[in-house]
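What's in work_3.pdb: PDB, C-alpha atoms
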ATOM      1  CA  MET Z   1     -17.485  -0.192   5.546
ATOM      2  CA  ASP Z   2     -17.727  -1.413   9.132
ATOM      3  CA  GLU Z   3     -16.681  -4.816  10.465
ATOM      4  CA  ASN Z   4     -20.245  -6.177  10.598
ATOM      5  CA  LYS Z   5     -20.866  -5.326   6.958
ATOM      6  CA  CYS Z   6     -17.528  -6.939   5.996
ATOM      7  CA  THR Z   7     -18.476 -10.084   7.913
ATOM      8  CA  GLU Z   8     -21.900 -10.201   6.209
ATOM      9  CA  LEU Z   9     -20.298  -9.803   2.782
ATOM     10  CA  LEU Z  10     -17.798 -12.596   3.420
ATOM     11  CA  THR Z  11     -20.502 -14.920   4.746
ATOM     12  CA  ALA Z  12     -22.801 -14.150   1.807
ATOM     13  CA  HIS Z  13     -20.017 -15.311  -0.527
ATOM     14  CA  GLY Z  14     -19.407 -18.521   1.434
ATOM     15  CA  ILE Z  15     -16.168 -17.325   3.026
ATOM     16  CA  ARG Z  16     -15.435 -17.827   6.713
ATOM     17  CA  PRO Z  17     -14.661 -14.420   8.247
ATOM     18  CA  THR Z  18     -11.207 -14.157   9.819
ATOM     19  CA  VAL Z  19      -9.405 -11.051  11.025
ATOM     20  CA  ASN Z  20      -7.154 -10.911   7.932
ATOM     21  CA  ARG Z  21     -10.074 -11.398   5.554
ATOM     22  CA  ILE Z  22     -12.178  -8.768   7.290
ATOM     23  CA  LEU Z  23      -9.291  -6.272   7.163
ATOM     24  CA  THR Z  24      -8.748  -6.982   3.467
ATOM     25  CA  VAL Z  25     -12.443  -6.554   2.616
ATOM     26  CA  LYS Z  26     -12.559  -3.350   4.662
ATOM     27  CA  ALA Z  27      -9.532  -1.935   2.829
ATOM     28  CA  LEU Z  28     -11.055  -2.746  -0.565
ATOM     29  CA  GLY Z  29     -14.474  -1.468   0.500
ATOM     30  CA  THR Z  30     -13.156   1.907   1.590
ATOM     31  CA  ALA Z  31     -10.934   2.409  -1.457
ATOM     32  CA  ASP Z  32     -12.088   4.846  -4.099
ATOM     33  CA  ARG Z  33     -10.489   2.810  -6.893
ATOM     34  CA  PRO Z  34      -9.100  -0.682  -7.583
ATOM     35  CA  MET Z  35      -5.974  -1.422  -5.531
ATOM     36  CA  SER Z  36      -2.773  -3.329  -6.194
ATOM     37  CA  LEU Z  37      -1.352  -5.858  -3.745
ATOM     38  CA  SER Z  38       1.362  -3.347  -2.782
ATOM     39  CA  GLU Z  39      -1.226  -0.648  -2.079
ATOM     40  CA  LEU Z  40      -3.217  -3.063   0.069
ATOM     41  CA  GLU Z  41      -0.082  -4.083   1.944
ATOM     42  CA  TYR Z  42       0.658  -0.415   2.657
ATOM     43  CA  LYS Z  43      -2.938   0.259   3.728
ATOM     44  CA  ILE Z  44      -3.156  -2.837   5.976
ATOM     45  CA  MET Z  45       0.043  -2.578   7.983
ATOM     46  CA  THR Z  46      -0.956  -5.392  10.365
ATOM     47  CA  VAL Z  47      -1.186  -8.148   7.706
ATOM     48  CA  ASP Z  48       1.768  -9.333   5.651
ATOM     49  CA  LYS Z  49       1.731  -9.540   1.868
ATOM     50  CA  SER Z  50       1.256 -13.332   1.775
ATOM     51  CA  GLY Z  51      -1.777 -13.109   4.087
ATOM     52  CA  ILE Z  52      -3.374 -10.456   1.892
ATOM     53  CA  PHE Z  53      -2.589 -12.460  -1.251
ATOM     54  CA  ARG Z  54      -4.152 -15.627   0.213
ATOM     55  CA  ALA Z  55      -7.287 -13.655   1.096
ATOM     56  CA  LEU Z  56      -7.477 -12.160  -2.414
ATOM     57  CA  THR Z  57      -7.038 -15.592  -4.008
ATOM     58  CA  LEU Z  58      -9.899 -16.959  -1.913
ATOM     59  CA  PHE Z  59     -12.034 -13.892  -2.696
ATOM     60  CA  ARG Z  60     -11.451 -14.433  -6.398
ATOM     61  CA  GLU Z  61     -12.520 -18.082  -6.176
ATOM     62  CA  HIS Z  62     -15.743 -17.007  -4.437
ATOM     63  CA  HIS Z  63     -16.458 -14.098  -6.826
ATOM     64  CA  LEU Z  64     -15.955 -11.473  -4.128
ATOM     65  CA  VAL Z  65     -13.318  -9.497  -6.054
ATOM     66  CA  HIS Z  66     -12.726  -8.469  -9.625
ATOM     67  CA  VAL Z  67      -9.164  -8.858 -10.827
ATOM     68  CA  ILE Z  68      -8.242  -6.131 -13.271
ATOM     69  CA  ASP Z  69      -5.175  -6.400 -15.459
ATOM     70  CA  SER Z  70      -4.690  -2.819 -16.553
ATOM     71  CA  GLY Z  71      -1.908  -3.780 -18.925
ATOM     72  CA  GLY Z  72       0.151  -1.026 -17.380
ATOM     73  CA  ASP Z  73       1.095  -1.504 -13.770
ATOM     74  CA  GLY Z  74       0.013  -5.053 -13.040
ATOM     75  CA  VAL Z  75      -3.047  -6.525 -11.409
ATOM     76  CA  ARG Z  76      -5.517  -4.582  -9.284
ATOM     77  CA  TYR Z  77      -8.408  -5.757  -7.131
ATOM     78  CA  GLU Z  78     -11.827  -4.335  -6.305
ATOM     79  CA  LEU Z  79     -14.820  -5.667  -4.418
ATOM     80  CA  CYS Z  80     -17.451  -7.246  -6.610
ATOM     81  CA  LEU Z  81     -20.798  -5.713  -5.790
ATOM     82  CA  SER Z  82     -22.635  -8.222  -7.927
ATOM     83  CA  HIS Z  83     -25.955  -9.591  -6.799
ATOM     84  CA  SER Z  84     -25.443 -12.623  -8.996
ATOM     85  CA  HIS Z  85     -22.521 -14.870  -8.241
ATOM     86  CA  GLY Z  86     -24.015 -18.223  -8.997
ATOM     87  CA  GLU Z  87     -22.674 -21.260 -10.791
ATOM     88  CA  ASP Z  88     -23.362 -19.790 -14.219
ATOM     89  CA  GLY Z  89     -20.554 -17.304 -13.589
ATOM     90  CA  HIS Z  90     -22.797 -14.383 -14.526
ATOM     91  CA  ASP Z  91     -21.714 -11.141 -12.950
ATOM     92  CA  ASP Z  92     -24.001  -8.121 -13.008
ATOM     93  CA  ASP Z  93     -21.197  -5.839 -11.775
ATOM     94  CA  VAL Z  94     -19.286  -5.726 -15.071
ATOM     95  CA  HIS Z  95     -18.036  -2.234 -15.816
ATOM     96  CA  ALA Z  96     -15.196  -0.532 -17.651
ATOM     97  CA  HIS Z  97     -11.963   0.728 -16.143
ATOM     98  CA  PHE Z  98      -9.653   3.543 -17.128
ATOM     99  CA  TYR Z  99      -5.874   3.349 -16.666
ATOM    100  CA  CYS Z 100      -4.026   6.671 -16.547
ATOM    101  CA  GLU Z 101      -0.707   6.332 -18.320
ATOM    102  CA  ARG Z 102       0.743   9.276 -16.429
ATOM    103  CA  CYS Z 103      -0.173   8.709 -12.749
ATOM    104  CA  HIS Z 104      -0.620   4.929 -13.146
ATOM    105  CA  ARG Z 105      -3.956   4.850 -11.318
ATOM    106  CA  THR Z 106      -6.904   2.720 -12.397
ATOM    107  CA  PHE Z 107     -10.440   4.108 -12.112
ATOM    108  CA  CYS Z 108     -13.852   2.430 -12.274
ATOM    109  CA  ILE Z 109     -16.050   3.812 -15.039
ATOM    110  CA  ASP Z 110     -19.593   3.001 -13.966
ATOM    111  CA  ASN Z 111     -22.813   3.650 -15.853
ATOM    112  CA  VAL Z 112     -21.202   3.339 -19.280
ATOM    113  CA  PRO Z 113     -22.790   0.697 -21.523
ATOM    114  CA  ILE Z 114     -20.513  -2.261 -22.171
ATOM    115  CA  PRO Z 115     -20.937  -3.854 -25.590
ATOM    116  CA  GLU Z 116     -21.608  -7.569 -25.659
ATOM    117  CA  ILE Z 117     -19.141  -9.282 -27.938
ATOM    118  CA  PRO Z 118     -20.399 -12.469 -29.596
ATOM    119  CA  LEU Z 119     -17.843 -15.253 -29.565
ATOM    120  CA  PRO Z 120     -17.418 -17.870 -32.285
ATOM    121  CA  GLU Z 121     -18.906 -21.259 -31.575
ATOM    122  CA  GLY Z 122     -16.922 -23.350 -29.134
ATOM    123  CA  TYR Z 123     -15.505 -20.421 -27.120
ATOM    124  CA  ILE Z 124     -16.628 -20.093 -23.525
ATOM    125  CA  GLN Z 125     -16.270 -16.737 -21.801
ATOM    126  CA  THR Z 126     -15.261 -16.858 -18.149
ATOM    127  CA  SER Z 127     -14.524 -13.190 -17.540
ATOM    128  CA  VAL Z 128     -14.368  -9.786 -19.203
ATOM    129  CA  ASN Z 129     -11.825  -7.040 -18.638
ATOM    130  CA  TYR Z 130     -12.607  -3.679 -20.260
ATOM    131  CA  VAL Z 131      -9.697  -1.262 -19.772
ATOM    132  CA  MET Z 132      -9.286   2.022 -21.585
ATOM    133  CA  LYS Z 133      -5.992   3.910 -21.407
ATOM    134  CA  GLY Z 134      -5.106   7.550 -21.595
ATOM    135  CA  TYR Z 135      -4.917  10.455 -19.170
ATOM    136  CA  CYS Z 136      -7.210  11.064 -16.191
ATOM    137  CA  PRO Z 137      -8.683  14.551 -15.585
ATOM    138  CA  GLU Z 138      -5.882  15.408 -13.106
ATOM    139  CA  CYS Z 139      -3.152  14.436 -15.590
ATOM    140  CA  GLY Z 140      -4.810  15.636 -18.793
ATOM    141  CA  VAL Z 141      -2.584  17.333 -21.292
TER     142      VAL Z 141
END
For the file at hand, write its structure as structure tokens.
Amino acid sequence: MDENKCTELLTAHGIRPTVNRILTVKALGTADRPMSLSELEYKIMTVDKSGIFRALTLFREHHLVHVIDSGGDGVRYELCLSHSHGEDGHDDDVHAHFYCERCHRTFCIDNVPIPEIPLPEGYIQTSVNYVMKGYCPECGV
């Protein structure tokens, strides 16, 4: 993902492009899986952890990243490729994730139908986090 595309993505989500934000989007956009804050810090050596965290917090508020709690090794982030990020909170980029209990990596599982779970009256859904756990193909038993 080049700098122009990163700038366009930030602007489309109502975020003012800065060097730190562009670098953070670029790192997430070139990753092949969701990344932790530590992984991002290692990948972006020119921005400190607090700068990356502030960018991620802003991205979350503007629906530019998904925050995935794998239940294993903490929180991970990935770019939201949704075409719908309006006020209704609808996100058409919902997909499952797989957490490998051996190598501790989290993978996106695209193109797998996600069941809609009806909530009892009075509950309001704000996000969904589908995480399966087991062993990835590289770590399989």
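Each of Z:Asn111, Z:Asn4, Z:Asn20, Z:Gln125 was compared to Z:Thr46 using all atoms listed in the file, and Z:Asn20 turns out to be the nearest.
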Answer key for the PyMOL selection byres ((chain Z and resi 52-68) around 8), residues as an NGL selection string: :Z and (10 or 13-15 or 20-21 or 24 or 34 or 37 or 40-41 or 47-51 or 69-70 or 75-81 or 85 or 129)
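Taking atom CA of Z:Pro115 and atom CA of Z:Thr30 as the two end points, the separation is 28.9 Å.
You will find atom CA of Z:Ile117 at 19.3 Å from atom CA of Z:Phe98.
Note that atom CA of Z:Gly134 and atom CA of Z:Glu101 are 5.6 Å apart.
Among the candidates Z:Arg16, Z:Arg102, Z:Arg33, Z:Lys43, the residue lying nearest to Z:Lys133 is Z:Arg102 (atoms considered: all atoms listed in the file).
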For the file shown, what are the residues hit by the PyMOL selection byres ((chain Z and resi 139) around 10), laid out as a count of residues only? 11
Ground truth for the PyMOL selection byres ((chain Z and resi 97) around 6), written as a ChimeraX atom specification: /Z:96,98,107-109,131
Using N, CA and C atoms, give me stretch 104-141 of chain Z from the structure I just pasted, as a PDB file, in the first residue's frame.
ATOM      1  N   HIS Z 104       0.839 -18.649  18.374  1.00  0.00           N
ATOM      2  CA  HIS Z 104       0.242 -17.409  18.891  1.00  0.00           C
ATOM      3  C   HIS Z 104       0.008 -16.352  17.813  1.00  0.00           C
ATOM      4  N   ARG Z 105      -0.234 -16.803  16.581  1.00  0.00           N
ATOM      5  CA  ARG Z 105      -0.582 -15.873  15.510  1.00  0.00           C
ATOM      6  C   ARG Z 105      -2.094 -15.896  15.323  1.00  0.00           C
ATOM      7  N   THR Z 106      -2.618 -14.779  14.827  1.00  0.00           N
ATOM      8  CA  THR Z 106      -4.041 -14.662  14.529  1.00  0.00           C
ATOM      9  C   THR Z 106      -4.190 -14.470  13.025  1.00  0.00           C
ATOM     10  N   PHE Z 107      -5.096 -15.241  12.416  1.00  0.00           N
ATOM     11  CA  PHE Z 107      -5.296 -15.213  10.974  1.00  0.00           C
ATOM     12  C   PHE Z 107      -6.721 -14.773  10.651  1.00  0.00           C
ATOM     13  N   CYS Z 108      -6.889 -14.052   9.553  1.00  0.00           N
ATOM     14  CA  CYS Z 108      -8.218 -13.719   9.048  1.00  0.00           C
ATOM     15  C   CYS Z 108      -8.757 -14.925   8.296  1.00  0.00           C
ATOM     16  N   ILE Z 109      -9.992 -15.268   8.545  1.00  0.00           N
ATOM     17  CA  ILE Z 109     -10.669 -16.337   7.814  1.00  0.00           C
ATOM     18  C   ILE Z 109     -11.788 -15.676   7.013  1.00  0.00           C
ATOM     19  N   ASP Z 110     -11.481 -15.370   5.763  1.00  0.00           N
ATOM     20  CA  ASP Z 110     -12.455 -14.705   4.898  1.00  0.00           C
ATOM     21  C   ASP Z 110     -13.315 -15.738   4.186  1.00  0.00           C
ATOM     22  N   ASN Z 111     -14.398 -15.279   3.636  1.00  0.00           N
ATOM     23  CA  ASN Z 111     -15.287 -16.108   2.809  1.00  0.00           C
ATOM     24  C   ASN Z 111     -15.874 -17.305   3.544  1.00  0.00           C
ATOM     25  N   VAL Z 112     -16.035 -17.181   4.843  1.00  0.00           N
ATOM     26  CA  VAL Z 112     -16.712 -18.208   5.637  1.00  0.00           C
ATOM     27  C   VAL Z 112     -17.962 -17.539   6.202  1.00  0.00           C
ATOM     28  N   PRO Z 113     -19.135 -18.113   5.953  1.00  0.00           N
ATOM     29  CA  PRO Z 113     -20.365 -17.475   6.444  1.00  0.00           C
ATOM     30  C   PRO Z 113     -20.365 -17.315   7.968  1.00  0.00           C
ATOM     31  N   ILE Z 114     -20.740 -16.142   8.399  1.00  0.00           N
ATOM     32  CA  ILE Z 114     -20.836 -15.840   9.829  1.00  0.00           C
ATOM     33  C   ILE Z 114     -22.314 -15.889  10.212  1.00  0.00           C
ATOM     34  N   PRO Z 115     -22.653 -16.700  11.203  1.00  0.00           N
ATOM     35  CA  PRO Z 115     -24.069 -16.766  11.589  1.00  0.00           C
ATOM     36  C   PRO Z 115     -24.508 -15.482  12.293  1.00  0.00           C
ATOM     37  N   GLU Z 116     -25.707 -15.062  12.007  1.00  0.00           N
ATOM     38  CA  GLU Z 116     -26.269 -13.911  12.711  1.00  0.00           C
ATOM     39  C   GLU Z 116     -26.919 -14.431  13.983  1.00  0.00           C
ATOM     40  N   ILE Z 117     -26.591 -13.829  15.086  1.00  0.00           N
ATOM     41  CA  ILE Z 117     -27.101 -14.286  16.370  1.00  0.00           C
ATOM     42  C   ILE Z 117     -28.139 -13.281  16.865  1.00  0.00           C
ATOM     43  N   PRO Z 118     -29.397 -13.717  16.962  1.00  0.00           N
ATOM     44  CA  PRO Z 118     -30.435 -12.795  17.441  1.00  0.00           C
ATOM     45  C   PRO Z 118     -30.267 -12.529  18.935  1.00  0.00           C
ATOM     46  N   LEU Z 119     -30.343 -11.270  19.290  1.00  0.00           N
ATOM     47  CA  LEU Z 119     -30.216 -10.884  20.695  1.00  0.00           C
ATOM     48  C   LEU Z 119     -31.589 -10.686  21.318  1.00  0.00           C
ATOM     49  N   PRO Z 120     -31.694 -10.935  22.617  1.00  0.00           N
ATOM     50  CA  PRO Z 120     -32.974 -10.661  23.297  1.00  0.00           C
ATOM     51  C   PRO Z 120     -33.295  -9.167  23.236  1.00  0.00           C
ATOM     52  N   GLU Z 121     -34.545  -8.865  23.363  1.00  0.00           N
ATOM     53  CA  GLU Z 121     -34.997  -7.481  23.304  1.00  0.00           C
ATOM     54  C   GLU Z 121     -34.268  -6.631  24.333  1.00  0.00           C
ATOM     55  N   GLY Z 122     -33.894  -5.444  23.916  1.00  0.00           N
ATOM     56  CA  GLY Z 122     -33.218  -4.508  24.810  1.00  0.00           C
ATOM     57  C   GLY Z 122     -31.707  -4.497  24.647  1.00  0.00           C
ATOM     58  N   TYR Z 123     -31.123  -5.540  24.057  1.00  0.00           N
ATOM     59  CA  TYR Z 123     -29.681  -5.591  23.833  1.00  0.00           C
ATOM     60  C   TYR Z 123     -29.353  -4.891  22.515  1.00  0.00           C
ATOM     61  N   ILE Z 124     -28.278  -4.145  22.522  1.00  0.00           N
ATOM     62  CA  ILE Z 124     -27.849  -3.442  21.319  1.00  0.00           C
ATOM     63  C   ILE Z 124     -26.420  -3.873  21.002  1.00  0.00           C
ATOM     64  N   GLN Z 125     -26.244  -4.476  19.853  1.00  0.00           N
ATOM     65  CA  GLN Z 125     -24.926  -4.937  19.427  1.00  0.00           C
ATOM     66  C   GLN Z 125     -24.121  -3.773  18.876  1.00  0.00           C
ATOM     67  N   THR Z 126     -22.885  -3.643  19.321  1.00  0.00           N
ATOM     68  CA  THR Z 126     -22.005  -2.607  18.793  1.00  0.00           C
ATOM     69  C   THR Z 126     -20.824  -3.192  18.020  1.00  0.00           C
ATOM     70  N   SER Z 127     -20.503  -4.445  18.281  1.00  0.00           N
ATOM     71  CA  SER Z 127     -19.436  -5.087  17.522  1.00  0.00           C
ATOM     72  C   SER Z 127     -19.559  -6.600  17.666  1.00  0.00           C
ATOM     73  N   VAL Z 128     -18.828  -7.308  16.815  1.00  0.00           N
ATOM     74  CA  VAL Z 128     -18.817  -8.764  16.834  1.00  0.00           C
ATOM     75  C   VAL Z 128     -17.372  -9.209  16.719  1.00  0.00           C
ATOM     76  N   ASN Z 129     -17.000 -10.228  17.466  1.00  0.00           N
ATOM     77  CA  ASN Z 129     -15.643 -10.737  17.431  1.00  0.00           C
ATOM     78  C   ASN Z 129     -15.707 -12.257  17.367  1.00  0.00           C
ATOM     79  N   TYR Z 130     -15.542 -12.817  16.181  1.00  0.00           N
ATOM     80  CA  TYR Z 130     -15.573 -14.267  15.993  1.00  0.00           C
ATOM     81  C   TYR Z 130     -14.137 -14.787  15.968  1.00  0.00           C
ATOM     82  N   VAL Z 131     -13.732 -15.516  17.001  1.00  0.00           N
ATOM     83  CA  VAL Z 131     -12.387 -16.071  17.061  1.00  0.00           C
ATOM     84  C   VAL Z 131     -12.473 -17.558  17.355  1.00  0.00           C
ATOM     85  N   MET Z 132     -11.889 -18.334  16.468  1.00  0.00           N
ATOM     86  CA  MET Z 132     -11.771 -19.776  16.690  1.00  0.00           C
ATOM     87  C   MET Z 132     -10.344 -20.036  17.142  1.00  0.00           C
ATOM     88  N   LYS Z 133     -10.141 -21.090  17.921  1.00  0.00           N
ATOM     89  CA  LYS Z 133      -8.808 -21.409  18.423  1.00  0.00           C
ATOM     90  C   LYS Z 133      -8.446 -22.841  18.077  1.00  0.00           C
ATOM     91  N   GLY Z 134      -7.185 -23.063  17.922  1.00  0.00           N
ATOM     92  CA  GLY Z 134      -6.684 -24.393  17.611  1.00  0.00           C
ATOM     93  C   GLY Z 134      -5.269 -24.284  17.093  1.00  0.00           C
ATOM     94  N   TYR Z 135      -4.951 -25.083  16.057  1.00  0.00           N
ATOM     95  CA  TYR Z 135      -3.618 -25.080  15.493  1.00  0.00           C
ATOM     96  C   TYR Z 135      -3.677 -24.738  14.009  1.00  0.00           C
ATOM     97  N   CYS Z 136      -2.805 -23.813  13.577  1.00  0.00           N
ATOM     98  CA  CYS Z 136      -2.748 -23.431  12.173  1.00  0.00           C
ATOM     99  C   CYS Z 136      -2.101 -24.561  11.369  1.00  0.00           C
ATOM    100  N   PRO Z 137      -2.160 -24.501  10.037  1.00  0.00           N
ATOM    101  CA  PRO Z 137      -1.578 -25.571   9.216  1.00  0.00           C
ATOM    102  C   PRO Z 137      -0.092 -25.816   9.484  1.00  0.00           C
ATOM    103  N   GLU Z 138       0.661 -24.748   9.802  1.00  0.00           N
ATOM    104  CA  GLU Z 138       2.104 -24.902  10.066  1.00  0.00           C
ATOM    105  C   GLU Z 138       2.366 -25.606  11.394  1.00  0.00           C
ATOM    106  N   CYS Z 139       1.443 -25.451  12.350  1.00  0.00           N
ATOM    107  CA  CYS Z 139       1.644 -25.999  13.693  1.00  0.00           C
ATOM    108  C   CYS Z 139       0.839 -27.256  13.949  1.00  0.00           C
ATOM    109  N   GLY Z 140       0.037 -27.667  12.974  1.00  0.00           N
ATOM    110  CA  GLY Z 140      -0.859 -28.808  13.151  1.00  0.00           C
ATOM    111  C   GLY Z 140      -0.168 -30.018  13.741  1.00  0.00           C
ATOM    112  N   VAL Z 141      -0.920 -30.753  14.489  1.00  0.00           N
ATOM    113  CA  VAL Z 141      -0.365 -31.906  15.209  1.00  0.00           C
ATOM    114  C   VAL Z 141      -0.211 -33.090  14.303  1.00  0.00           C
TER     115      VAL Z 141
END
